[in-house]
Amino acid sequence: MELYFFLFFAIVAVASSVAMILQRNPIYCVLLLIMVMISIAGLYLMLDAQFVAIIQIVVYAGAIMVLFLFVIMLLNLSREEGGVFRIQKPLAVLLAALLFLPVAAMVMSYAGGGTTPPADGGGAGFGEVEQIGTLLFTKYLLPVEIAAVLLLIAIVGAVVLTRKGTVSVGE
Amino acid sequence: MIPVTYYLVLSAVLFLVGATGVLIRRNAIIVLMGIELMLNGANLSFVAFARQFGMVDGHIYVFLVITVAAAEVAIGLALVILLFRNRGTVNIDEVRSLRW
Amino acid sequence: MSYLPLILLVILVLIVAAVIVTLSSYIGRKKTSASKLASYECGVPIKDSARKNFSVKFYLIAILFILFDVEIIYLYPWAVVYGDLQLYGAAAMGVFFLLLVIGFLYEWKRGALEWD
């Protein structure tokens, strides 16, 4: 039963991501990537990561991808034109196939099924908000503060880049 | 339970598809989306390992990755908009000069 | 499996949405007239095409929304464990918040929130 759910989410995720990189219309690309995000959120639920799954849907699929959609509509992009480098596409597929070799090796070496996680998970409350909150503000306090600095830098960068006056440099 | 290897293979496949997307697409926004796909593949293996070892630390890293992704998207898309304003294109093949 | 209600909800929502859309497209009467096909049957007439570039000011607002939205994923677990962490938690979140308030004040003083 669980395997069927895994296969369902995995097939949806891989099919949508492959369709995303082949799709010419940027708006369909964004919608397909949202499909990938939602199926990954389903996999997170199967891995007992409820809060991460919700964050994945609310912040990733709901906010970040909508920003992509917003920019595509802002720039009014249509289908993309052909590029300059003719050899790029076959070369990229070749490189990706080369990158796939280690994955294939991994699959081969774990053909027996690999290690199965303990059925009871990490005990009661695994992946629930209390545990994550405690860890975030004790053991991982410094990374969290650095994340705040990163967000501050992003705010300043976004304001500086899109402020009036800067856009007219090349015109 | 599903063996953790299955999740790792899926995350590697998603990462590779994202990397291929970065390599073959010429629209700068789609290239950024390929990077998002790669980050998601990495996140999936973090969560799978968190389940495997019963430690929530992997979930914390997913939050940090989402924060980094949001900051990256904010700045990256601002740069794409500037590029479009100044050059009238988001095709990364046409953006080759280091200065003008 | 403990997520059975969630799965049932998703299936139910999909079925209801599909049934409503199909039924209304098959059963619904399709009598059209020029004024009915207009985007707004009442209210202001359409000024312009919707498919044109709009101002970058919208983008700035959207991007600042995203960055403060991401802050919520730290705020929510903090609020849940606040009772355990007490003053230490308040100080930890205080520093986090201070950094983002600096960003907020910066964009305010820089005029990024002004529409014109």
# chains A, B, ... in the order shown; residues from 1 in each chain; ligands from 1
>>> interface_residues(of="chain B", to="chain A", cutoff="7 Å", atoms="only C-alpha atoms", output="PyMOL selection string")
chain B and resi 1-5+9-10+12+14+16-17+20-21+23-24+26-27+47-48+51-52+54-56+59-60+64+67+70-71+74-75+78+82+85-86+93
>>> interface_residues(of="chain C", to="chain A", cutoff="7 Å", atoms="only C-alpha atoms", output="list in words")
Arg51, Lys52, Asn53, Phe54, Leu60, Ala62, Leu64, Ile66, Leu67, Val70, Pro77, Trp78, Val80, Val81, Gly89, Ala92, Phe96, Leu99, Leu100, Gly103, Glu107 and Ala112 of chain C
>>> write_last_selection(atoms="C-alpha atoms", output="PDB file, in the first residue's frame")
ATOM      1  CA  ARG C  51      -1.580  41.335 -21.660  1.00  0.00           C
ATOM      2  CA  LYS C  52       0.893  44.128 -21.369  1.00  0.00           C
ATOM      3  CA  ASN C  53       3.839  44.840 -19.156  1.00  0.00           C
ATOM      4  CA  PHE C  54       2.880  46.289 -15.860  1.00  0.00           C
ATOM      5  CA  LEU C  60       8.916  45.092  -5.379  1.00  0.00           C
ATOM      6  CA  ALA C  62       5.620  40.963  -4.089  1.00  0.00           C
ATOM      7  CA  LEU C  64       9.145  42.035   0.013  1.00  0.00           C
ATOM      8  CA  ILE C  66       7.938  36.733   0.064  1.00  0.00           C
ATOM      9  CA  LEU C  67      10.888  37.669   2.243  1.00  0.00           C
ATOM     10  CA  VAL C  70       9.639  33.162   4.899  1.00  0.00           C
ATOM     11  CA  PRO C  77       7.746  26.909  15.684  1.00  0.00           C
ATOM     12  CA  TRP C  78       9.020  29.618  18.019  1.00  0.00           C
ATOM     13  CA  VAL C  80       4.742  26.804  19.762  1.00  0.00           C
ATOM     14  CA  VAL C  81       7.765  26.253  22.038  1.00  0.00           C
ATOM     15  CA  GLY C  89      13.430  32.200  23.460  1.00  0.00           C
ATOM     16  CA  ALA C  92      16.698  34.573  20.446  1.00  0.00           C
ATOM     17  CA  PHE C  96      16.010  37.531  14.605  1.00  0.00           C
ATOM     18  CA  LEU C  99      17.454  42.074  11.865  1.00  0.00           C
ATOM     19  CA  LEU C 100      14.238  41.951   9.861  1.00  0.00           C
ATOM     20  CA  GLY C 103      15.316  45.587   6.705  1.00  0.00           C
ATOM     21  CA  GLU C 107      12.888  49.823   2.724  1.00  0.00           C
ATOM     22  CA  ALA C 112      10.262  51.312  -1.511  1.00  0.00           C
TER      23      ALA C 112
END
>>> closest_residue(among="B:Glu94, B:Met38, B:Phe46, B:Ile81", to="chain C", atoms="only C-alpha atoms")
B:Ile81
>>> select_by_dssp(residues="segment 54-104 of chain A", states="alpha helix (DSSP H)", output="number ranges by chain")
A: 54-55, 65-75, 88-104
>>> residues_around(residues="Leu83 of chain B", least_positions_apart="5", cutoff="10 Å", atoms="only C-alpha atoms", output="list of chain:residue names")
A:Val167, A:Gly170, B:Ala28, B:Leu77, B:Ala78, B:Gly88, B:Thr89, B:Val90, B:Asn91, B:Ile92, B:Val95
>>> write_last_selection(atoms="N, CA and C atoms", output="mmCIF file, in the first residue's frame")
data_model
loop_
_atom_site.group_PDB
_atom_site.id
_atom_site.type_symbol
_atom_site.label_atom_id
_atom_site.label_comp_id
_atom_site.auth_asym_id
_atom_site.auth_seq_id
_atom_site.Cartn_x
_atom_site.Cartn_y
_atom_site.Cartn_z
ATOM 1 N N VAL A 167 16.972 51.462 -12.989
ATOM 2 C CA VAL A 167 16.560 50.737 -14.180
ATOM 3 C C VAL A 167 16.904 51.488 -15.459
ATOM 4 N N GLY A 170 20.854 51.644 -18.690
ATOM 5 C CA GLY A 170 21.226 51.277 -20.053
ATOM 6 C C GLY A 170 20.379 51.940 -21.116
ATOM 7 N N ALA B 28 16.127 32.768 -18.744
ATOM 8 C CA ALA B 28 16.779 32.905 -17.435
ATOM 9 C C ALA B 28 15.857 32.499 -16.302
ATOM 10 N N LEU B 77 15.383 37.050 -9.491
ATOM 11 C CA LEU B 77 14.316 37.591 -10.332
ATOM 12 C C LEU B 77 14.439 39.103 -10.469
ATOM 13 N N ALA B 78 14.963 39.772 -9.429
ATOM 14 C CA ALA B 78 15.214 41.212 -9.576
ATOM 15 C C ALA B 78 16.245 41.449 -10.675
ATOM 16 N N GLY B 88 15.991 44.043 -22.969
ATOM 17 C CA GLY B 88 14.797 43.611 -23.684
ATOM 18 C C GLY B 88 14.757 42.131 -23.964
ATOM 19 N N THR B 89 15.516 41.336 -23.242
ATOM 20 C CA THR B 89 15.490 39.892 -23.433
ATOM 21 C C THR B 89 15.820 39.211 -22.122
ATOM 22 N N VAL B 90 15.342 37.964 -21.968
ATOM 23 C CA VAL B 90 15.796 37.159 -20.832
ATOM 24 C C VAL B 90 16.521 35.922 -21.348
ATOM 25 N N ASN B 91 16.876 35.946 -22.628
ATOM 26 C CA ASN B 91 17.604 34.821 -23.202
ATOM 27 C C ASN B 91 19.061 34.919 -22.782
ATOM 28 N N ILE B 92 19.536 33.916 -22.022
ATOM 29 C CA ILE B 92 20.878 34.056 -21.451
ATOM 30 C C ILE B 92 21.964 33.893 -22.496
ATOM 31 N N VAL B 95 23.146 37.394 -23.561
ATOM 32 C CA VAL B 95 23.778 38.232 -22.544
ATOM 33 C C VAL B 95 25.201 37.729 -22.386
#
>>> closest_residue(among="C:Ile61, C:Val21, C:Leu14, C:Leu9", to="Gly111 of chain C", atoms="only C-alpha atoms")
C:Ile61
>>> closest_residue(among="C:Ile73, C:Ile15, C:Lys30, C:Ala79", to="chain B", atoms="only C-alpha atoms")
C:Ile73
